[in-house]
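Trainee: Once you've had a glance at the structure underneath, I'll fire off some questions.
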Amino acid sequence: MRLALRELVRRPGRFVTASVVLTLIALLLMFLGGLLDGLIRSQTGALRAQDAQAIVYSDTAQASFVRSRIEPGLRAEVEAVEGVREVGGLGLVQLGARVPGRGPRDLADVALFGYELAPDGVPPVPGPGEAYADEVLKADGIELGMTIELGPARSPVRIVGFVSDTSFNGQGGVWAAPATWRDVLSANRPDARLGDGVFQALVVIGDEHVADAIDTATAGRTDSYTIDDAVEAIPGVTEQRATFNQIIGVTLGVAVVVIALFFALITVERLALYGVLKALGARSATIFAGLVAQAVSVTAAAALIAASAAVALDAAIPPGSVPLDVTVSRVVTSIVLLLLAAVAGCAFSLRRVLRVDPASAIGTNS
Amino acid sequence: MFLAIKEMRRARLRFGMLIGAISLLVFLIFFQQSIQNGLITSFIGAIRNQNSPVLVYSTDGQRVLQGSVITPDREALVRGADGVGEVGRIGQGTFTGLPDTPGPDATAGETFDTTLIGYEAGPDGTGLGAPSTLSQGRLPRSDFEAVASAVDERLGFGVGAVIRLLPGDVEITVVGLARDIQLNVTPTLFTTYDTYRTAVRAVNPDAGEPLPNVLAVDPAPGWTADAVVETINGRSPDLDALTRTDAATETPGVAQVQQSFAIVFLLYGLVVPLVTGLFFLIVTFQKAESLTLLRAIGAPARRLVSSLLVQVVVIVCAGIAIGTALYLPVSQQNLGGIALRFEARAVVVWTVLLLVLGVISSLIAVRRVLRIDPILATTGAGVGS
């Protein structure tokens, strides 16, 4: 194995092109993964932030806030379910926000939530006409203490703090008191207006399996989800994840083939040398281990360069364009998968290594 | 050429793996091209394939149909703008739809997110905002009739189907199907404006009078769509008039999708020639002695180069052919509500591009071959030296 690593150090030029190809493939893997993570993160933050055991929608809402109506009577039934400890109303309206100092056509996309139970990282309900904004909205020029105007009715909302990772459907979350949300909804979306006490969804703190108990208790007039299931129920999330994972899987397959191809060629080139090594007493396992060490080293170097490039790309892409989110876990996962692909790719050369005849070192064909 | 083919036959595994790698990459490129186009069509097909040349949003709507609200004062501004001919109201909402009979890809009682687009259809259904790609049946002529997106026939949205909107008792009969008219990747129904208003009130008893989401505008005789867009936008910064094409391409998300896929395609487009170039460079190194010997016994350099290029073209073509064969059945599928399509134009463009890039990538190997000095055959050295 030492011989193989020494070759890497002494003759790096021989591995450069393969490293470039693998770097591109690694960058592709990380970029695709980052795209998936960015898309999901920007769509689901508001639900992932809920510090609760269930989200309750009305039965025909298909887990959509705008199609869900929970009337006070139904809420009371939910509150009475065994295992339910606390219930809070939750409502949403998605609007354009006019930001002071920006052009009349340059609006920010916001998802205004009215909440009773504070999600993770969101302070308790603010005063009337006030709200906490997701920090992604800073890119739109929203600042602390600023009053933004929401929707065609230009409903004023003053920003009293910032929160993080609470976006919904790609729009920055703005968290306000239920009364503020209800006023903004009525003023800007007459077709979506809701009566007093009516919410679009309920956030429930309680026992672990409380979601099922709620739907049973309400005789199916509610459609309750655990937080994870509610995230998956957001239209498009499951499909995006499945499609991207398939593409990432095939790209990984390409990595295996490329590594296999490159090291198969290198093995063919070195058959005579392997014959000599075997004649001198080297075992097939030792020779193959050297090959694997080279593949893993080349792949690791390529993956590290790609990781740096992915992080740089993430930093360079302006907010609001490509939804890229390169996370440590994604980078580590990609590197591990590529290293496994390197080992798997080398396996194609194992047969050739095993077939090398030590006698070839004294002139017989291998 | 004879040598080139003979060599490929002898080293099937080696060349087979290269073909395999190119096939997978080509398949990925084509598949993602279909996803990109299918996604965009499913996302904004309803805007692209309706008959109004100009759509007027409220600036607050950020070019999202459902996010836009046209208040009466803004509607008056539009109607009073120069160059405006006929004006129609369009309302859009997402509802929960239950087909009376499930389609082949649905189960009994299965409900679907269903987009309802209401337009002022007129007596023959051809009012502003009507779908322009009718493929079966007819346009809606009265309330509670609709044209559905053809791709969703498989879910139970075929001609004659009755779609019940939940909650409530609004039922809409599908009287026609149209191609590529989905909005937001959901089954989409084009119906009358009054049906839309009724549906909104039926599912939400608290709802006030729904306002139109956008206005459909037909330019007056002698006016172009672009000119009308300018006059309307000049009336108020709260109005955001767009031509049909701009309304489709500038819907939020479309540019993001295109930019994201452009980066992905660029990376895949680089990997294919690099893999090909790397392969032939290594193979040329390995054949160094044989190539030198061939030159020494009189084989002209041109013949060796043409053999190399033949191999490159055969390998890349085989990879593209297999990749296309893999892509063909996949391109006939629906992917989570997105109708994929065989993108013939993309196949042709990528085939030409990858062939050219493949040949270019092999130029380093070609250079090595051209540098062979036949005299080295007497010393045992080759191109790798």
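By order in the structure tokens, chains are A, B, ...; within a chain, residues start at 1; ligands start at 1, following the order shown.
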Can you pull out every residue within 12 Å of A:Val328, counting only C-alpha atoms, but drop anything in the same chain fewer than 2 positions away, and send it as a PDB file with C-alpha atoms, in the first residue's frame?
Mentor:
```pdb
ATOM      1  CA  MET A  30     -23.073  18.117  -3.708  1.00  0.00           C
ATOM      2  CA  GLY A  33     -27.959  17.535  -2.818  1.00  0.00           C
ATOM      3  CA  GLY A  34     -27.630  21.218  -1.943  1.00  0.00           C
ATOM      4  CA  ASP A  37     -31.861  20.678   0.721  1.00  0.00           C
ATOM      5  CA  ALA A 307     -16.717  20.498  -1.230  1.00  0.00           C
ATOM      6  CA  SER A 308     -14.746  23.744  -1.233  1.00  0.00           C
ATOM      7  CA  ALA A 310     -19.716  23.816  -3.474  1.00  0.00           C
ATOM      8  CA  VAL A 311     -19.334  25.994  -0.378  1.00  0.00           C
ATOM      9  CA  ASP A 325     -28.107  25.121   0.672  1.00  0.00           C
ATOM     10  CA  VAL A 326     -24.827  23.274   1.121  1.00  0.00           C
ATOM     11  CA  ARG A 330     -24.781  16.841   2.890  1.00  0.00           C
ATOM     12  CA  VAL A 331     -21.079  17.336   2.154  1.00  0.00           C
ATOM     13  CA  VAL A 332     -20.069  14.555   4.556  1.00  0.00           C
ATOM     14  CA  THR A 333     -22.720  12.199   3.139  1.00  0.00           C
ATOM     15  CA  SER A 334     -21.576  12.912  -0.414  1.00  0.00           C
ATOM     16  CA  ILE A 335     -17.934  12.300   0.496  1.00  0.00           C
TER      17      ILE A 335
END
```
Trainee: Taking the DSSP assignment computed from this structure's backbone, write out as a VMD selection string all residues of stretch 17-71 of chain A that belong to strand (DSSP E or B).
Mentor: chain A and resid 54 to 58 70
Trainee: When you count only C-alpha atoms, which of these residues is closest to A:Leu339: A:Leu22, A:Thr166, A:Arg193, A:Glu86?
Mentor: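 The closest residue to A:Leu339 is A:Leu22.
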Trainee: Show me a table, sorted first by chain and then by increasing residue number, of the residues of stretch 287-339 of chain B having an atom at most 6 Å from stretch 12-36 of chain B, each with its shortest atom pair and the distance in Å to one decimal, counting only C-alpha atoms and written as CSV.
Mentor:
```
residue,atom,partner,partner_atom,distance
B:Ile315,CA,B:Ile19,CA,5.9
B:Gly319,CA,B:Ser23,CA,4.3
B:Ile320,CA,B:Ser23,CA,5.8
B:Ile322,CA,B:Ser23,CA,5.6
B:Gly323,CA,B:Ser23,CA,4.2
B:Tyr327,CA,B:Phe27,CA,5.6
```
Trainee: So that I can see what lies close to A:Leu117, please list as a list in words the residues with an atom at most 10 Å from it, counting only C-alpha atoms and leaving out residues fewer than 2 positions away in the same chain.
Mentor: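 Residues near the query, excluding close chain neighbours: Gln50, Asp51, Ala52, Glu86, Val87, Gly88, Gly89, Leu90, Gly114, Tyr115, Pro119, Asp120, Val122, Pro123, Pro124, Val125, Leu202, Val203, Val204 and Ile205 of chain A.
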Trainee: Just to be explicit: take each residue in the selection above, keep N, CA and C atoms, and write the result as a CSV table (one decimal), in the first residue's frame.
Mentor:
```csv
chain,number,residue,atom,x,y,z
A,50,GLN,N,-42.1,24.0,14.3
A,50,GLN,CA,-43.2,23.8,15.3
A,50,GLN,C,-42.7,22.8,16.4
A,51,ASP,N,-42.7,23.3,17.6
A,51,ASP,CA,-42.3,22.5,18.7
A,51,ASP,C,-43.6,21.8,19.3
A,52,ALA,N,-44.1,20.8,18.5
A,52,ALA,CA,-45.3,20.2,18.9
A,52,ALA,C,-45.4,18.8,18.4
A,86,GLU,N,-51.8,21.1,25.1
A,86,GLU,CA,-51.9,22.5,24.7
A,86,GLU,C,-52.3,22.6,23.3
A,87,VAL,N,-53.1,23.5,22.9
A,87,VAL,CA,-53.5,23.7,21.5
A,87,VAL,C,-53.4,25.2,21.1
A,88,GLY,N,-52.8,25.4,20.0
A,88,GLY,CA,-52.7,26.8,19.5
A,88,GLY,C,-53.2,26.9,18.1
A,89,GLY,N,-53.8,28.0,17.8
A,89,GLY,CA,-54.3,28.2,16.4
A,89,GLY,C,-53.1,28.7,15.5
A,90,LEU,N,-53.2,28.4,14.3
A,90,LEU,CA,-52.2,28.8,13.3
A,90,LEU,C,-52.8,29.2,12.0
A,114,GLY,N,-50.1,33.8,11.7
A,114,GLY,CA,-50.7,34.2,13.0
A,114,GLY,C,-50.6,33.0,13.9
A,115,TYR,N,-49.9,33.2,15.1
A,115,TYR,CA,-49.7,32.0,15.9
A,115,TYR,C,-50.0,32.2,17.3
A,119,PRO,N,-43.3,28.7,17.8
A,119,PRO,CA,-42.4,27.7,17.3
A,119,PRO,C,-41.0,27.8,17.9
A,120,ASP,N,-40.2,26.8,17.7
A,120,ASP,CA,-38.8,26.9,18.1
A,120,ASP,C,-38.1,28.1,17.6
A,122,VAL,N,-38.9,31.1,17.8
A,122,VAL,CA,-39.7,32.3,17.7
A,122,VAL,C,-40.2,32.8,19.1
A,123,PRO,N,-40.0,34.0,19.4
A,123,PRO,CA,-40.5,34.5,20.7
A,123,PRO,C,-42.0,34.4,20.9
A,124,PRO,N,-42.5,34.6,22.1
A,124,PRO,CA,-43.9,34.6,22.3
A,124,PRO,C,-44.6,35.7,21.5
A,125,VAL,N,-45.9,35.5,21.3
A,125,VAL,CA,-46.7,36.3,20.4
A,125,VAL,C,-46.5,37.8,20.7
A,202,LEU,N,-54.4,23.8,13.6
A,202,LEU,CA,-54.1,23.9,15.0
A,202,LEU,C,-52.7,23.2,15.3
A,203,VAL,N,-52.0,23.7,16.2
A,203,VAL,CA,-50.7,23.1,16.6
A,203,VAL,C,-51.0,22.5,18.0
A,204,VAL,N,-50.7,21.2,18.1
A,204,VAL,CA,-51.0,20.5,19.3
A,204,VAL,C,-49.8,20.0,20.0
A,205,ILE,N,-49.7,20.3,21.3
A,205,ILE,CA,-48.7,19.7,22.1
A,205,ILE,C,-49.3,18.6,23.0
```
Trainee: Report the closest atom pair, with its distance in Å rounded to one decimal, for each residue of chain B that has an atom no farther than 6 Å from chain A; count only C-alpha atoms, sort by chain and then rising residue number, and write it as CSV.
Mentor:
```
residue,atom,partner,partner_atom,distance
B:Ala21,CA,A:Val254,CA,5.6
B:Asp60,CA,A:Gly96,CA,4.7
B:Asp206,CA,A:Leu194,CA,5.2
B:Ala207,CA,A:Asp191,CA,4.5
B:Gly208,CA,A:Pro190,CA,4.8
B:Pro210,CA,A:Asp191,CA,4.7
B:Gln256,CA,A:Val322,CA,5.3
B:Ser260,CA,A:Val322,CA,5.7
B:Val271,CA,A:Val21,CA,5.9
B:Gly336,CA,A:Glu239,CA,5.7
```
Trainee: Create the file for the chosen residues now, containing N, CA and C atoms and written as a short mmCIF file (atom, residue, chain, number, x, y, z; two decimals), in the first residue's frame.
Mentor:
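Contents of the output file out_36.cif:
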```cif
data_model
loop_
_atom_site.label_atom_id
_atom_site.label_comp_id
_atom_site.auth_asym_id
_atom_site.auth_seq_id
_atom_site.Cartn_x
_atom_site.Cartn_y
_atom_site.Cartn_z
N ALA B 21 -20.61 4.40 -19.00
CA ALA B 21 -20.53 5.69 -18.29
C ALA B 21 -21.20 6.79 -19.11
N ASP B 60 -48.63 43.58 -6.09
CA ASP B 60 -48.53 42.79 -4.85
C ASP B 60 -48.51 41.30 -5.13
N ASP B 206 -67.15 32.06 5.27
CA ASP B 206 -66.75 33.38 5.75
C ASP B 206 -66.28 34.30 4.62
N ALA B 207 -66.07 33.73 3.44
CA ALA B 207 -65.45 34.50 2.35
C ALA B 207 -66.32 35.67 1.93
N GLY B 208 -65.64 36.78 1.64
CA GLY B 208 -66.33 37.91 1.05
C GLY B 208 -66.44 37.71 -0.45
N PRO B 210 -65.32 37.38 -3.94
CA PRO B 210 -63.99 37.21 -4.53
C PRO B 210 -63.72 38.28 -5.59
N GLN B 256 -35.66 30.26 -11.47
CA GLN B 256 -34.86 29.47 -10.52
C GLN B 256 -34.65 28.06 -11.05
N SER B 260 -31.04 26.58 -12.02
CA SER B 260 -30.54 25.40 -11.31
C SER B 260 -30.17 24.31 -12.30
N VAL B 271 -18.49 16.59 -17.76
CA VAL B 271 -18.03 15.26 -17.35
C VAL B 271 -17.89 14.34 -18.56
N GLY B 336 -44.80 12.15 -10.51
CA GLY B 336 -45.43 12.96 -9.47
C GLY B 336 -46.29 14.08 -10.03
#
```
Trainee: Identify, on the basis of only C-alpha atoms, every residue whose closest approach to A:Val276 does not exceed 8 Å; exclude the query and any residue fewer than 2 positions from it along the same chain; express the result as a PyMOL selection string.
Mentor: chain A and resi 272-274+278-280+358+360-361
Trainee: Let me see the file: selected residues, N, CA and C atoms, as a PDB file, in the first residue's frame.
Mentor:
```pdb
ATOM      1  N   ALA A 272       2.381  -6.219 -15.755  1.00  0.00           N
ATOM      2  CA  ALA A 272       3.740  -6.766 -15.699  1.00  0.00           C
ATOM      3  C   ALA A 272       4.389  -6.454 -14.343  1.00  0.00           C
ATOM      4  N   LEU A 273       4.162  -5.222 -13.895  1.00  0.00           N
ATOM      5  CA  LEU A 273       4.722  -4.803 -12.611  1.00  0.00           C
ATOM      6  C   LEU A 273       4.141  -5.646 -11.471  1.00  0.00           C
ATOM      7  N   TYR A 274       2.831  -5.895 -11.556  1.00  0.00           N
ATOM      8  CA  TYR A 274       2.198  -6.721 -10.517  1.00  0.00           C
ATOM      9  C   TYR A 274       2.788  -8.133 -10.529  1.00  0.00           C
ATOM     10  N   LYS A 278       4.367  -9.858  -7.359  1.00  0.00           N
ATOM     11  CA  LYS A 278       3.926 -11.171  -6.857  1.00  0.00           C
ATOM     12  C   LYS A 278       5.098 -12.145  -6.796  1.00  0.00           C
ATOM     13  N   ALA A 279       5.972 -12.071  -7.787  1.00  0.00           N
ATOM     14  CA  ALA A 279       7.137 -12.956  -7.805  1.00  0.00           C
ATOM     15  C   ALA A 279       8.043 -12.688  -6.602  1.00  0.00           C
ATOM     16  N   LEU A 280       8.029 -11.428  -6.169  1.00  0.00           N
ATOM     17  CA  LEU A 280       8.846 -11.066  -4.999  1.00  0.00           C
ATOM     18  C   LEU A 280       8.142 -11.372  -3.685  1.00  0.00           C
ATOM     19  N   PRO A 358       2.647 -14.786 -11.174  1.00  0.00           N
ATOM     20  CA  PRO A 358       4.014 -14.367 -10.827  1.00  0.00           C
ATOM     21  C   PRO A 358       5.030 -14.830 -11.872  1.00  0.00           C
ATOM     22  N   SER A 360       4.895 -14.521 -14.879  1.00  0.00           N
ATOM     23  CA  SER A 360       5.043 -13.526 -15.947  1.00  0.00           C
ATOM     24  C   SER A 360       6.288 -12.668 -15.732  1.00  0.00           C
ATOM     25  N   ALA A 361       6.759 -12.598 -14.481  1.00  0.00           N
ATOM     26  CA  ALA A 361       7.947 -11.784 -14.175  1.00  0.00           C
ATOM     27  C   ALA A 361       9.202 -12.356 -14.828  1.00  0.00           C
TER      28      ALA A 361
END
```
Trainee: Tell me which protein, DNA and RNA residues are within 12 Å of A:Gln294, counting only C-alpha atoms, leaving out same-chain ones fewer than 2 positions away, and put them as a PDB file with C-alpha atoms, in the first residue's frame.
Mentor:
```pdb
ATOM      1  CA  MET A   1       0.000   0.000   0.000  1.00  0.00           C
ATOM      2  CA  ARG A   2       2.966   2.248   0.761  1.00  0.00           C
ATOM      3  CA  LEU A   3       4.162   1.735  -2.813  1.00  0.00           C
ATOM      4  CA  ALA A   4       0.802   2.819  -4.182  1.00  0.00           C
ATOM      5  CA  LEU A   5       0.681   5.951  -2.066  1.00  0.00           C
ATOM      6  CA  ARG A   6       4.273   6.769  -2.988  1.00  0.00           C
ATOM      7  CA  GLU A   7       3.311   6.542  -6.652  1.00  0.00           C
ATOM      8  CA  LEU A   8       0.507   9.016  -5.995  1.00  0.00           C
ATOM      9  CA  VAL A   9       2.981  11.457  -4.470  1.00  0.00           C
ATOM     10  CA  ARG A  11       3.599  10.888 -10.171  1.00  0.00           C
ATOM     11  CA  PRO A  12       0.527  12.990  -9.399  1.00  0.00           C
ATOM     12  CA  ARG A  14      -1.033  10.513 -13.964  1.00  0.00           C
ATOM     13  CA  PHE A  15      -4.040  10.953 -11.671  1.00  0.00           C
ATOM     14  CA  ALA A  18      -9.246  11.339 -13.216  1.00  0.00           C
ATOM     15  CA  SER A  19      -9.245  13.706 -10.252  1.00  0.00           C
ATOM     16  CA  ILE A 259     -13.538   5.017 -11.057  1.00  0.00           C
ATOM     17  CA  PHE A 262      -9.849   4.507 -14.707  1.00  0.00           C
ATOM     18  CA  PHE A 263      -8.418   1.946 -12.326  1.00  0.00           C
ATOM     19  CA  ILE A 266      -4.272   1.557 -14.726  1.00  0.00           C
ATOM     20  CA  THR A 267      -4.346  -2.111 -13.693  1.00  0.00           C
ATOM     21  CA  ILE A 287      -1.676  -5.187  -4.433  1.00  0.00           C
ATOM     22  CA  PHE A 288      -5.441  -4.708  -4.438  1.00  0.00           C
ATOM     23  CA  ALA A 289      -5.249  -2.743  -1.187  1.00  0.00           C
ATOM     24  CA  GLY A 290      -2.778  -0.421  -2.876  1.00  0.00           C
ATOM     25  CA  LEU A 291      -5.207   0.085  -5.735  1.00  0.00           C
ATOM     26  CA  VAL A 292      -8.028   0.814  -3.303  1.00  0.00           C
ATOM     27  CA  VAL A 296      -9.785   6.373  -2.094  1.00  0.00           C
ATOM     28  CA  SER A 297      -7.021   9.006  -1.977  1.00  0.00           C
ATOM     29  CA  VAL A 298      -7.849  10.376  -5.431  1.00  0.00           C
ATOM     30  CA  THR A 299     -11.562  10.387  -4.625  1.00  0.00           C
ATOM     31  CA  ALA A 300     -11.014  12.005  -1.226  1.00  0.00           C
ATOM     32  CA  ALA A 301      -8.908  14.755  -2.787  1.00  0.00           C
ATOM     33  CA  LEU A 339     -15.497   6.877  -1.086  1.00  0.00           C
ATOM     34  CA  ALA A 342     -14.316   4.369  -5.115  1.00  0.00           C
ATOM     35  CA  VAL A 343     -14.019   1.033  -3.318  1.00  0.00           C
ATOM     36  CA  GLY A 345     -15.259   0.858  -8.594  1.00  0.00           C
ATOM     37  CA  CYS A 346     -11.939  -0.757  -7.697  1.00  0.00           C
TER      38      CYS A 346
END
```
Trainee: Tell me, which residues of stretch 129-359 of chain A carry DSSP helix (DSSP H, G or I), written as a ChimeraX atom specification?
Mentor: /A:135-140,178-188,190-192,210-217,227-233,237-269,271-279,284-316,328-355,358-359
Trainee: Rounded to one decimal place, report the atom CA of A:Phe348-atom CA of B:Thr351 distance in Å.
Mentor: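 Atom CA of B:Thr351 lies at a distance of 29.1 Å from atom CA of A:Phe348.
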Trainee: Considering only C-alpha atoms, return as a list in words whatever protein or nucleic-acid residues lie within 7 Å of B:Gly45, sequence-local ones (same chain, fewer than 6 positions apart) excluded.
Mentor: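 Result of the neighbour search: Asp180, Ile181, Gln182 and Leu183 of chain B.
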Trainee: State, in Å with one decimal place, the distance from atom CA of A:Ala26 to atom CA of B:Phe261.
Mentor: 16.5 Å
